>>> print(open('upload-v8.cif').read())   # mmCIF, C-alpha atoms and all ligand atoms
data_my_file
#
loop_
_atom_site.label_atom_id
_atom_site.label_comp_id
_atom_site.auth_asym_id
_atom_site.auth_seq_id
_atom_site.Cartn_x
_atom_site.Cartn_y
_atom_site.Cartn_z
CA MET A 661 -23.57 -20.58 6.46
CA SER A 662 -21.13 -19.82 3.61
CA LYS A 663 -18.04 -17.83 4.43
CA LYS A 664 -17.69 -14.17 3.47
CA ARG A 665 -15.62 -13.65 0.34
CA VAL A 666 -12.61 -11.31 0.28
CA LEU A 667 -10.79 -10.45 -2.95
CA VAL A 668 -7.28 -8.98 -2.77
CA VAL A 669 -6.63 -7.19 -6.08
CA GLY A 670 -2.86 -7.02 -6.57
CA GLY A 671 -2.21 -9.97 -4.25
CA THR A 672 1.26 -10.55 -5.70
CA GLY A 673 2.56 -7.11 -4.68
CA TYR A 674 4.29 -6.07 -1.47
CA LEU A 675 1.21 -5.17 0.56
CA GLY A 676 -0.96 -7.77 -1.19
CA GLN A 677 1.23 -10.68 -0.07
CA HIS A 678 1.44 -9.40 3.50
CA LEU A 679 -2.32 -9.05 3.47
CA LEU A 680 -2.82 -12.63 2.27
CA GLN A 681 -0.64 -13.68 5.19
CA GLY A 682 -2.73 -11.55 7.56
CA PHE A 683 -6.00 -13.11 6.40
CA SER A 684 -4.57 -16.63 6.59
CA ASP A 685 -3.33 -16.03 10.16
CA ILE A 686 -6.87 -15.29 11.48
CA ASN A 687 -8.07 -18.05 13.79
CA GLY A 688 -10.81 -20.26 12.37
CA SER A 689 -10.34 -19.05 8.73
CA PRO A 690 -13.57 -17.01 8.74
CA TYR A 691 -13.18 -15.80 5.11
CA ASP A 692 -12.78 -17.27 1.64
CA VAL A 693 -9.88 -15.28 0.22
CA ALA A 694 -8.99 -14.95 -3.46
CA PHE A 695 -6.35 -12.77 -5.09
CA THR A 696 -5.35 -11.42 -8.48
CA HIS A 697 -2.03 -11.37 -10.30
CA HIS A 698 -1.02 -9.54 -13.44
CA SER A 699 2.47 -9.70 -15.00
CA PHE A 700 3.32 -13.31 -14.28
CA PRO A 701 1.49 -16.46 -13.19
CA PRO A 702 1.32 -16.54 -9.39
CA PRO A 703 4.63 -17.77 -7.94
CA HIS A 704 4.64 -21.35 -6.59
CA SER A 705 5.78 -20.15 -3.18
CA LEU A 706 2.64 -18.00 -2.91
CA LEU A 707 0.27 -20.75 -4.06
CA HIS A 708 1.97 -23.13 -1.65
CA ALA A 709 1.66 -20.67 1.27
CA PHE A 710 -2.06 -20.05 0.66
CA PRO A 711 -3.39 -23.33 -0.79
CA SER A 712 -7.03 -22.51 -0.10
CA SER A 713 -6.94 -19.14 -1.92
CA LEU A 714 -8.03 -18.97 -5.57
CA ALA A 715 -5.71 -16.97 -7.85
CA PHE A 716 -7.04 -15.08 -10.87
CA PRO A 717 -5.26 -13.29 -13.73
CA LEU A 718 -6.49 -9.70 -14.07
CA ASP A 719 -5.63 -6.63 -16.11
CA LEU A 720 -7.13 -3.49 -14.58
CA LYS A 721 -6.37 -1.53 -17.75
CA THR A 722 -8.83 -3.58 -19.79
CA GLY A 723 -10.91 -5.39 -17.16
CA HIS A 724 -9.90 -8.75 -18.63
CA GLY A 725 -10.20 -11.35 -15.90
CA PHE A 726 -13.25 -10.10 -14.00
CA ASP A 727 -15.58 -12.57 -15.75
CA GLY A 728 -13.52 -15.48 -14.46
CA ILE A 729 -13.73 -14.11 -10.91
CA SER A 730 -17.53 -13.76 -11.21
CA ARG A 731 -17.83 -17.36 -12.41
CA ARG A 732 -15.56 -19.12 -9.93
CA PHE A 733 -15.67 -16.86 -6.86
CA GLY A 734 -18.75 -14.65 -7.20
CA GLN A 735 -19.34 -11.14 -5.89
CA PRO A 736 -16.90 -10.46 -3.06
CA HIS A 737 -18.17 -9.02 0.22
CA VAL A 738 -14.90 -7.09 0.50
CA VAL A 739 -12.39 -6.01 -2.17
CA VAL A 740 -9.00 -4.68 -1.10
CA ASN A 741 -7.43 -2.86 -4.03
CA CYS A 742 -3.65 -3.06 -3.64
CA ALA A 743 -3.00 -2.98 -7.39
CA ALA A 744 -1.28 0.05 -8.84
CA LEU A 745 1.54 1.40 -10.89
CA SER A 746 3.14 2.26 -7.57
CA VAL A 747 6.58 3.60 -8.54
CA PRO A 748 6.37 7.39 -9.10
CA ARG A 749 9.12 7.37 -11.76
CA ALA A 750 7.22 4.71 -13.77
CA CYS A 751 4.04 6.84 -13.57
CA GLU A 752 5.93 9.92 -14.76
CA ALA A 753 7.28 7.93 -17.73
CA ASP A 754 3.85 6.61 -18.73
CA PRO A 755 1.00 8.82 -17.47
CA GLY A 756 -1.58 6.93 -19.58
CA ALA A 757 -0.72 3.64 -17.89
CA ALA A 758 -0.68 5.32 -14.47
CA MET A 759 -4.19 6.68 -14.96
CA SER A 760 -5.69 3.51 -16.43
CA ILE A 761 -4.27 1.24 -13.71
CA ASN A 762 -4.47 3.53 -10.68
CA VAL A 763 -8.01 4.83 -11.28
CA PRO A 764 -10.15 1.75 -10.54
CA SER A 765 -12.70 2.28 -13.33
CA SER A 766 -12.77 -1.33 -14.57
CA LEU A 767 -12.97 -2.60 -10.96
CA ILE A 768 -15.91 -0.36 -10.08
CA GLY A 769 -17.55 -1.13 -13.44
CA TRP A 770 -17.36 -4.81 -12.49
CA LEU A 771 -18.69 -4.26 -8.97
CA SER A 772 -21.55 -2.19 -10.43
CA SER A 773 -22.58 -5.13 -12.62
CA PHE A 774 -23.85 -7.02 -9.56
CA ASN A 775 -27.42 -6.40 -8.42
CA GLU A 776 -26.45 -5.47 -4.90
CA LYS A 777 -24.06 -2.53 -4.53
CA THR A 778 -22.90 -3.73 -1.15
CA THR A 779 -19.26 -4.75 -1.56
CA LEU A 780 -16.90 -2.83 0.73
CA LEU A 781 -14.05 -1.41 -1.38
CA ILE A 782 -10.88 -0.79 0.63
CA HIS A 783 -8.66 1.23 -1.69
CA LEU A 784 -4.99 2.13 -1.23
CA SER A 785 -4.18 5.74 -1.94
CA THR A 786 -1.02 7.64 -0.98
CA ASP A 787 0.42 10.51 1.07
CA GLN A 788 1.60 11.89 -2.30
CA VAL A 789 -1.85 13.42 -2.83
CA TYR A 790 -0.55 16.26 -0.62
CA GLN A 791 1.63 19.08 -1.93
CA GLY A 792 4.32 18.68 0.73
CA VAL A 793 4.72 22.25 1.93
CA LYS A 794 3.78 21.83 5.60
CA SER A 795 3.85 19.23 8.35
CA PHE A 796 1.15 16.83 9.55
CA TYR A 797 -1.46 17.03 6.80
CA LYS A 798 -5.04 16.25 7.83
CA GLU A 799 -7.57 14.41 5.67
CA GLU A 800 -9.54 17.60 5.02
CA ASP A 801 -6.51 19.52 3.73
CA GLU A 802 -6.53 20.31 0.04
CA THR A 803 -4.97 17.72 -2.26
CA ILE A 804 -2.39 19.26 -4.60
CA PRO A 805 -0.31 16.44 -6.05
CA VAL A 806 3.03 17.42 -7.56
CA ASN A 807 3.61 14.36 -9.77
CA VAL A 808 1.68 11.97 -12.04
CA TYR A 809 1.53 9.25 -9.36
CA GLY A 810 -0.17 11.63 -6.93
CA LYS A 811 -2.48 12.97 -9.64
CA SER A 812 -3.59 9.45 -10.60
CA LYS A 813 -4.33 8.70 -6.93
CA VAL A 814 -6.38 11.90 -6.50
CA ALA A 815 -8.33 10.99 -9.67
CA ALA A 816 -8.89 7.52 -8.18
CA GLU A 817 -10.24 8.95 -4.92
CA GLN A 818 -12.64 11.25 -6.81
CA PHE A 819 -13.80 8.38 -9.01
CA ILE A 820 -14.59 6.22 -5.96
CA TYR A 821 -16.46 9.08 -4.23
CA GLU A 822 -18.64 9.55 -7.30
CA LYS A 823 -19.22 5.94 -8.32
CA TRP A 824 -19.24 3.62 -5.30
CA PRO A 825 -21.25 3.97 -2.10
CA ASN A 826 -19.29 1.78 0.34
CA PHE A 827 -15.55 2.45 0.64
CA ALA A 828 -12.54 3.15 2.79
CA ILE A 829 -9.71 5.07 1.14
CA LEU A 830 -6.37 4.68 2.88
CA ARG A 831 -3.79 7.42 2.18
CA SER A 832 -0.70 5.43 3.03
CA SER A 833 2.78 6.73 3.71
CA ILE A 834 5.86 4.63 2.84
CA ILE A 835 5.11 1.04 3.84
CA PHE A 836 8.13 -0.77 5.30
CA GLY A 837 8.73 -4.20 6.79
CA PRO A 838 10.08 -7.64 5.96
CA GLN A 839 10.35 -9.08 2.47
CA THR A 840 7.37 -11.04 1.14
CA ILE A 841 6.98 -14.82 0.71
CA SER A 842 7.69 -14.42 -2.98
CA PRO A 843 10.20 -11.54 -3.06
CA VAL A 844 8.97 -8.45 -4.90
CA PRO A 845 11.18 -6.94 -7.63
CA LYS A 846 11.20 -3.38 -6.26
CA SER A 847 13.71 -2.38 -3.60
CA LEU A 848 12.35 -2.15 -0.07
CA PRO A 849 13.28 1.01 1.86
CA ILE A 850 14.86 -0.36 5.05
CA GLN A 851 16.58 -3.24 3.25
CA TRP A 852 17.96 -0.76 0.70
CA ILE A 853 19.39 1.52 3.41
CA ASP A 854 20.83 -1.50 5.24
CA GLY A 855 22.40 -2.77 2.00
CA VAL A 856 24.15 0.48 1.06
CA LEU A 857 25.39 1.27 4.59
CA SER A 858 26.66 -2.28 5.14
CA LYS A 859 29.16 -1.77 2.28
CA GLY A 860 30.89 0.93 4.36
CA ASP A 861 30.61 3.62 1.66
CA ARG A 862 29.49 7.17 2.43
CA VAL A 863 25.94 7.63 1.07
CA GLU A 864 23.81 10.74 0.54
CA PHE A 865 20.42 10.99 2.28
CA PHE A 866 17.95 13.87 2.19
CA TYR A 867 17.63 15.92 5.36
CA ASP A 868 14.66 17.90 4.05
CA GLU A 869 12.20 15.24 2.87
CA TYR A 870 9.79 14.06 5.57
CA ARG A 871 7.44 11.08 5.72
CA CYS A 872 5.54 9.07 8.36
CA PRO A 873 6.55 5.53 7.35
CA ILE A 874 4.19 2.80 8.50
CA TYR A 875 5.07 -0.77 9.45
CA VAL A 876 3.43 -3.17 6.99
CA LYS A 877 1.77 -5.28 9.69
CA ASP A 878 0.00 -2.15 10.94
CA VAL A 879 -1.45 -1.56 7.46
CA VAL A 880 -2.60 -5.19 7.44
CA ALA A 881 -4.18 -4.77 10.90
CA ILE A 882 -6.02 -1.63 9.68
CA ILE A 883 -7.44 -3.46 6.64
CA LEU A 884 -8.47 -6.51 8.71
CA ALA A 885 -10.21 -4.21 11.20
CA LEU A 886 -12.16 -2.43 8.43
CA ALA A 887 -13.23 -5.76 6.90
CA ARG A 888 -14.28 -7.06 10.33
CA ILE A 889 -16.35 -3.94 11.07
CA TRP A 890 -18.19 -4.18 7.77
CA LEU A 891 -18.71 -7.95 7.85
CA SER A 892 -20.00 -7.96 11.40
CA GLY A 893 -22.98 -5.87 10.40
CA GLY A 894 -21.52 -2.41 9.96
CA LYS A 895 -23.22 0.25 7.87
CA ASP A 896 -22.01 1.45 4.46
CA MET A 897 -18.93 3.58 4.98
CA GLN A 898 -17.44 6.56 3.16
CA LEU A 899 -14.21 6.70 5.06
CA LEU A 900 -10.99 8.56 4.25
CA LEU A 901 -8.01 7.90 6.50
CA ASN A 902 -4.41 9.03 6.65
CA VAL A 903 -2.43 5.84 7.23
CA GLY A 904 1.01 6.61 8.61
CA GLY A 905 3.25 5.72 11.49
CA PRO A 906 3.46 7.89 14.63
CA ASP A 907 6.85 9.43 13.72
CA ARG A 908 7.67 12.17 11.21
CA VAL A 909 11.15 11.32 9.95
CA SER A 910 13.54 12.65 7.31
CA ARG A 911 15.46 10.28 5.03
CA VAL A 912 18.55 11.04 7.16
CA GLN A 913 16.69 10.00 10.32
CA MET A 914 15.52 6.80 8.62
CA ALA A 915 19.13 5.96 7.74
CA GLU A 916 20.33 6.87 11.25
CA ALA A 917 17.79 4.46 12.76
CA VAL A 918 19.09 1.61 10.58
CA ALA A 919 22.73 2.53 11.32
CA LYS A 920 22.17 2.60 15.09
CA ILE A 921 20.35 -0.73 15.15
CA ARG A 922 22.95 -2.42 12.91
CA GLY A 923 25.95 -0.73 14.59
CA TYR A 924 27.12 1.11 11.45
CA ASN A 925 29.08 4.33 11.74
CA THR A 926 26.57 7.17 11.34
CA SER A 927 29.25 9.30 9.66
CA LEU A 928 28.57 7.16 6.56
CA ILE A 929 25.32 9.14 6.25
CA LYS A 930 25.91 12.32 4.26
CA PRO A 931 22.99 14.76 4.67
CA VAL A 932 22.10 16.55 1.40
CA SER A 933 19.13 18.58 0.23
CA ALA A 934 16.55 16.79 -1.93
CA SER A 935 16.71 19.79 -4.25
CA SER A 936 20.32 18.90 -5.12
CA VAL A 937 19.34 15.68 -6.95
CA ASN A 938 17.25 15.14 -10.10
CA ARG A 939 15.25 11.93 -9.64
CA GLY A 940 13.25 12.23 -12.85
CA VAL A 941 10.12 12.96 -10.84
CA ILE A 942 9.16 15.75 -8.45
CA SER A 943 8.93 14.43 -4.91
CA PRO A 944 6.93 16.38 -2.30
CA SER A 945 9.12 17.67 0.54
CA ASP A 946 7.09 17.22 3.71
CA ILE A 947 4.03 14.99 3.44
CA SER A 948 4.00 13.96 7.08
CA MET A 949 0.45 13.22 8.18
CA ASP A 950 -1.74 13.69 11.22
CA ILE A 951 -3.07 10.21 12.09
CA THR A 952 -5.49 11.21 14.86
CA LYS A 953 -8.51 10.11 12.83
CA LEU A 954 -6.99 6.66 12.17
CA VAL A 955 -6.22 6.09 15.85
CA GLN A 956 -9.65 7.30 16.99
CA THR A 957 -11.69 5.49 14.33
CA LEU A 958 -10.07 2.07 14.59
CA ASP A 959 -8.42 2.20 18.03
CA ILE A 960 -5.15 1.11 16.42
CA THR A 961 -1.84 2.66 17.49
CA PRO A 962 0.79 2.20 14.78
CA THR A 963 4.27 0.94 15.68
CA PRO A 964 6.98 3.57 16.39
CA PHE A 965 9.41 3.84 13.46
CA VAL A 966 12.46 2.55 15.35
CA ASP A 967 10.56 -0.50 16.63
CA GLY A 968 9.31 -1.29 13.13
CA VAL A 969 12.87 -1.06 11.78
CA LYS A 970 14.08 -3.42 14.52
CA LEU A 971 11.33 -5.92 13.65
CA THR A 972 12.20 -5.63 9.94
CA LEU A 973 15.91 -6.20 10.46
CA GLU A 974 15.40 -9.01 12.99
CA ILE A 975 13.31 -10.89 10.47
CA GLU A 976 15.76 -10.13 7.64
CA THR A 977 18.67 -11.70 9.53
CA TRP A 978 16.98 -15.06 10.05
N1 LIG B 1 4.61 0.31 -0.78
C1 LIG B 1 4.51 1.58 -0.36
O1 LIG B 1 5.45 2.12 0.26
C2 LIG B 1 3.25 2.37 -0.61
C3 LIG B 1 3.14 3.65 -0.06
C4 LIG B 1 1.96 4.39 -0.27
C5 LIG B 1 0.92 3.84 -1.02
N2 LIG B 1 1.07 2.61 -1.55
C6 LIG B 1 -0.03 2.05 -2.35
O2 LIG B 1 -0.41 0.82 -1.78
C7 LIG B 1 -0.79 -0.10 -2.79
C8 LIG B 1 0.05 -1.37 -2.68
O3 LIG B 1 1.42 -1.01 -2.87
P1 LIG B 1 2.52 -2.12 -3.09
O4 LIG B 1 3.80 -1.57 -2.63
O5 LIG B 1 2.07 -3.43 -2.55
O6 LIG B 1 2.55 -2.19 -4.69
P2 LIG B 1 3.34 -3.21 -5.62
O7 LIG B 1 4.24 -4.08 -4.83
O8 LIG B 1 3.91 -2.42 -6.73
O9 LIG B 1 2.18 -4.16 -6.19
C9 LIG B 1 1.34 -3.72 -7.20
C10 LIG B 1 0.34 -4.80 -7.57
O10 LIG B 1 -0.45 -4.30 -8.64
C11 LIG B 1 -0.56 -5.31 -9.64
N3 LIG B 1 -0.75 -4.69 -10.94
C12 LIG B 1 0.09 -3.86 -11.61
N4 LIG B 1 -0.44 -3.53 -12.80
C13 LIG B 1 -1.64 -4.14 -12.88
C14 LIG B 1 -2.65 -4.20 -13.86
N5 LIG B 1 -2.55 -3.56 -15.04
N6 LIG B 1 -3.76 -4.95 -13.62
C15 LIG B 1 -3.90 -5.61 -12.45
N7 LIG B 1 -2.96 -5.60 -11.47
C16 LIG B 1 -1.85 -4.88 -11.69
C17 LIG B 1 0.76 -6.05 -9.55
O11 LIG B 1 0.63 -7.33 -10.13
P3 LIG B 1 1.92 -8.08 -10.78
O12 LIG B 1 3.04 -7.91 -9.79
O13 LIG B 1 1.47 -9.50 -10.93
O14 LIG B 1 2.19 -7.37 -12.06
C18 LIG B 1 0.95 -6.12 -8.04
O15 LIG B 1 0.23 -7.21 -7.52
C19 LIG B 1 -0.65 0.66 -4.11
O16 LIG B 1 -1.87 1.28 -4.42
C20 LIG B 1 0.36 1.75 -3.78
O17 LIG B 1 0.21 2.88 -4.64
C21 LIG B 1 2.20 1.86 -1.37
#
>>> encode(input="upload-v8.cif", output="structure tokens")
Amino acid sequence: MSKKRVLVVGGTGYLGQHLLQGFSDINGSPYDVAFTHHSFPPPHSLLHAFPSSLAFPLDLKTGHGFDGISRRFGQPHVVVNCAALSVPRACEADPGAAMSINVPSSLIGWLSSFNEKTTLLIHLSTDQVYQGVKSFYKEEDETIPVNVYGKSKVAAEQFIYEKWPNFAILRSSIIFGPQTISPVPKSLPIQWIDGVLSKGDRVEFFYDEYRCPIYVKDVVAIILALARIWLSGGKDMQLLLNVGGPDRVSRVQMAEAVAKIRGYNTSLIKPVSASSVNRGVISPSDISMDITKLVQTLDITPTPFVDGVKLTLEIETW
């Protein structure tokens, strides 16, 4: 029997690379995995790490590249869409690009071109769909995004609801963890905090901006579980999940966790209000999330924040 096909759209990004690693670590290689890249040809280190995965160029803005995937890989059983303009400031600067990349219209147009509308689409959304004026948002709370990034993600969710019958939308909080096989250009949150505190300078952190950061390997485990459920005979799903860690932490608390683990003086952390700094984009204050539905649906308990930071920094020092 031929293997089930999994396509990771945005396989060169932070989550995409960790996901390729997650699929390749499964015993017995039960899936054929392919991935897409956009700005540059896939790095050699990535091709070398996953020699059995096909790599395809793809532009989600135009849909260029899907034909090649149809010809050489065929209709995937599962698509994980990790591609996005994922930096809020970049979305604010170019709302047109944010909408055309983050709303998966070309992807769903391509999936709709196959006779059977059976592919499971696992789509990455964000906690920034919430307004940020209370703690522990639930999935059924109203979405009121305060910036272009959040608006593009809400539009993406609505588009998927209307156009594709089999999906899981994951509203992820900040994803943290070790660097990828081929290092990504954007700065990673824990590594950035570690870098600035290690210099011994006093640095400002927000005491009034709250998130539920999630360890990257937990996000990978969630996606693998969803793929497994579907591929082992599950029914079509229309699933919306908050994907966060178990701890609601401020930026100050994130920095304190790094400082304690590394042995830095916590007086280097200067608590300031987020309202005192202009970041060129509005950032919601408290978008902490209730993850009860995630835990109950998939029986997965995400890693406590401090443990995830320890794992991240242990790996970084090797
Ligand atoms: N990382 C987080 O903390 C976080 C938190 C919440 C939600 N999310 C969401 O989770 C998903 C994955 O995030 P990430 O951090 O892995 O993102 P990332 O590192 O920025 O990766 C984005 C990916 O999208 C691809 N891409 C960009 N423009 C494209 C286009 N026009 N056509 C096709 N592909 C394109 C990039 O390819 P190239 O690199 O080859 O250009 C890259 O593979 C995103 O949807 C993001 O919004 C992330």
>>> closest_residue(input="upload-v8.cif", among="A:Ile761, A:Leu928, A:Ile874, A:Leu680", to="ligand LIG 1 (chain B)", atoms="only C-alpha atoms and all ligand atoms")
A:Ile761
>>> residues_around(input="upload-v8.cif", residues="Tyr809 of chain A", least_positions_apart="6", cutoff="12 Å", atoms="all atoms listed in the file", output="JSON, numbers by chain")
{"A": [744, 745, 746, 747, 748, 749, 750, 751, 752, 753, 754, 755, 756, 757, 758, 759, 760, 761, 762, 763, 785, 786, 787, 788, 789, 790, 815, 816, 941, 942, 943, 944]}
>>> write_last_selection(input="upload-v8.cif", atoms="C-alpha atoms", output="short mmCIF file (atom, residue, chain, number, x, y, z; two decimals), keeping the file's coordinate frame")
data_model
loop_
_atom_site.label_atom_id
_atom_site.label_comp_id
_atom_site.auth_asym_id
_atom_site.auth_seq_id
_atom_site.Cartn_x
_atom_site.Cartn_y
_atom_site.Cartn_z
CA ALA A 744 -1.28 0.05 -8.84
CA LEU A 745 1.54 1.40 -10.89
CA SER A 746 3.14 2.26 -7.57
CA VAL A 747 6.58 3.60 -8.54
CA PRO A 748 6.37 7.39 -9.10
CA ARG A 749 9.12 7.37 -11.76
CA ALA A 750 7.22 4.71 -13.77
CA CYS A 751 4.04 6.84 -13.57
CA GLU A 752 5.93 9.92 -14.76
CA ALA A 753 7.28 7.93 -17.73
CA ASP A 754 3.85 6.61 -18.73
CA PRO A 755 1.00 8.82 -17.47
CA GLY A 756 -1.58 6.93 -19.58
CA ALA A 757 -0.72 3.64 -17.89
CA ALA A 758 -0.68 5.32 -14.47
CA MET A 759 -4.19 6.68 -14.96
CA SER A 760 -5.69 3.51 -16.43
CA ILE A 761 -4.27 1.24 -13.71
CA ASN A 762 -4.47 3.53 -10.68
CA VAL A 763 -8.01 4.83 -11.28
CA SER A 785 -4.18 5.74 -1.94
CA THR A 786 -1.02 7.64 -0.98
CA ASP A 787 0.42 10.51 1.07
CA GLN A 788 1.60 11.89 -2.30
CA VAL A 789 -1.85 13.42 -2.83
CA TYR A 790 -0.55 16.26 -0.62
CA ALA A 815 -8.33 10.99 -9.67
CA ALA A 816 -8.89 7.52 -8.18
CA VAL A 941 10.12 12.96 -10.84
CA ILE A 942 9.16 15.75 -8.45
CA SER A 943 8.93 14.43 -4.91
CA PRO A 944 6.93 16.38 -2.30
#
>>> residues_around(input="upload-v8.cif", residues="segment 850-853 of chain A", least_positions_apart="4", cutoff="8 Å", atoms="only C-alpha atoms", output="list in words")
Phe836, Gly837, Leu857, Ala915, Val918, Val969, Thr972 and Leu973 of chain A
>>> residues_near_ligand(input="upload-v8.cif", ligand="ligand LIG 1 (chain B)", cutoff="6 Å", atoms="only C-alpha atoms and all ligand atoms", output="MDAnalysis selection string")
chainID A and resid 670:676 697:700 718:721 742:746 761 784:786 832:835
>>> closest_residue(input="upload-v8.cif", among="A:Gly905, A:Ile804, A:Leu706, A:Ser765", to="Tyr821 of chain A", atoms="all atoms listed in the file")
A:Ser765
>>> residues_near_point(input="upload-v8.cif", point="(-3.2, 20.5, -1.2)", cutoff="10 Å", atoms="all atoms listed in the file", output="tab-separated table (two decimals) with C-alpha atoms, in the coordinates of the input")
chain	number	residue	atom	x	y	z
A	788	GLN	CA	1.60	11.89	-2.30
A	789	VAL	CA	-1.85	13.42	-2.83
A	790	TYR	CA	-0.55	16.26	-0.62
A	791	GLN	CA	1.63	19.08	-1.93
A	792	GLY	CA	4.32	18.68	0.73
A	793	VAL	CA	4.72	22.25	1.93
A	794	LYS	CA	3.78	21.83	5.60
A	797	TYR	CA	-1.46	17.03	6.80
A	800	GLU	CA	-9.54	17.60	5.02
A	801	ASP	CA	-6.51	19.52	3.73
A	802	GLU	CA	-6.53	20.31	0.04
A	803	THR	CA	-4.97	17.72	-2.26
A	804	ILE	CA	-2.39	19.26	-4.60
A	805	PRO	CA	-0.31	16.44	-6.05
A	806	VAL	CA	3.03	17.42	-7.56
>>> closest_residue(input="upload-v8.cif", among="A:Ser910, A:Gly923, A:Ser948, A:Gly728", to="Thr696 of chain A", atoms="only C-alpha atoms")
A:Gly728
>>> closest_residue(input="upload-v8.cif", among="A:Asp950, A:Asp907, A:Glu869, A:Asp896", to="Leu780 of chain A", atoms="only C-alpha atoms")
A:Asp896
>>> residues_around(input="upload-v8.cif", residues="Phe965 of chain A", least_positions_apart="5", cutoff="10 Å", atoms="all atoms listed in the file", output="count of residues only")
14
>>> closest_residue(input="upload-v8.cif", among="A:Ser705, A:Ser847, A:Thr779, A:Asn687", to="Gly734 of chain A", atoms="only C-alpha atoms")
A:Thr779
>>> closest_residue(input="upload-v8.cif", among="A:Ser766, A:Thr778, A:Gln818, A:Thr957", to="Gly893 of chain A", atoms="all atoms listed in the file")
A:Thr778
>>> atom_distance(input="upload-v8.cif", atom1="atom CA of Pro964 of chain A", atom2="atom CA of His678 of chain A")
19.1 Å
>>> atom_distance(input="upload-v8.cif", atom1="atom CA of Lys777 of chain A", atom2="atom CA of Met897 of chain A")
12.4 Å
>>> residues_near_point(input="upload-v8.cif", point="(26.0, -1.8, 8.6)", cutoff="7 Å", atoms="all atoms listed in the file", output="PyMOL selection string")
chain A and resi 854+857-858+919+922-924
>>> residues_around(input="upload-v8.cif", residues="Leu830 of chain A", least_positions_apart="4", cutoff="12 Å", atoms="all atoms listed in the file", output="number ranges by chain")
A: 740-742, 781-789, 799, 813-814, 816-817, 879-880, 882-883, 886, 898-904, 951, 953-954
>>> axis_aligned_box(input="upload-v8.cif", around="segment 930-944 of chain A", padding_each_side="6 Å", output="AutoDock Vina command-line options")
--center_x 16.4 --center_y 15.9 --center_z -4.1 --size_x 31.0 --size_y 19.9 --size_z 29.5
>>> atom_distance(input="upload-v8.cif", atom1="atom CA of Val739 of chain A", atom2="atom CA of Val668 of chain A")
5.9 Å
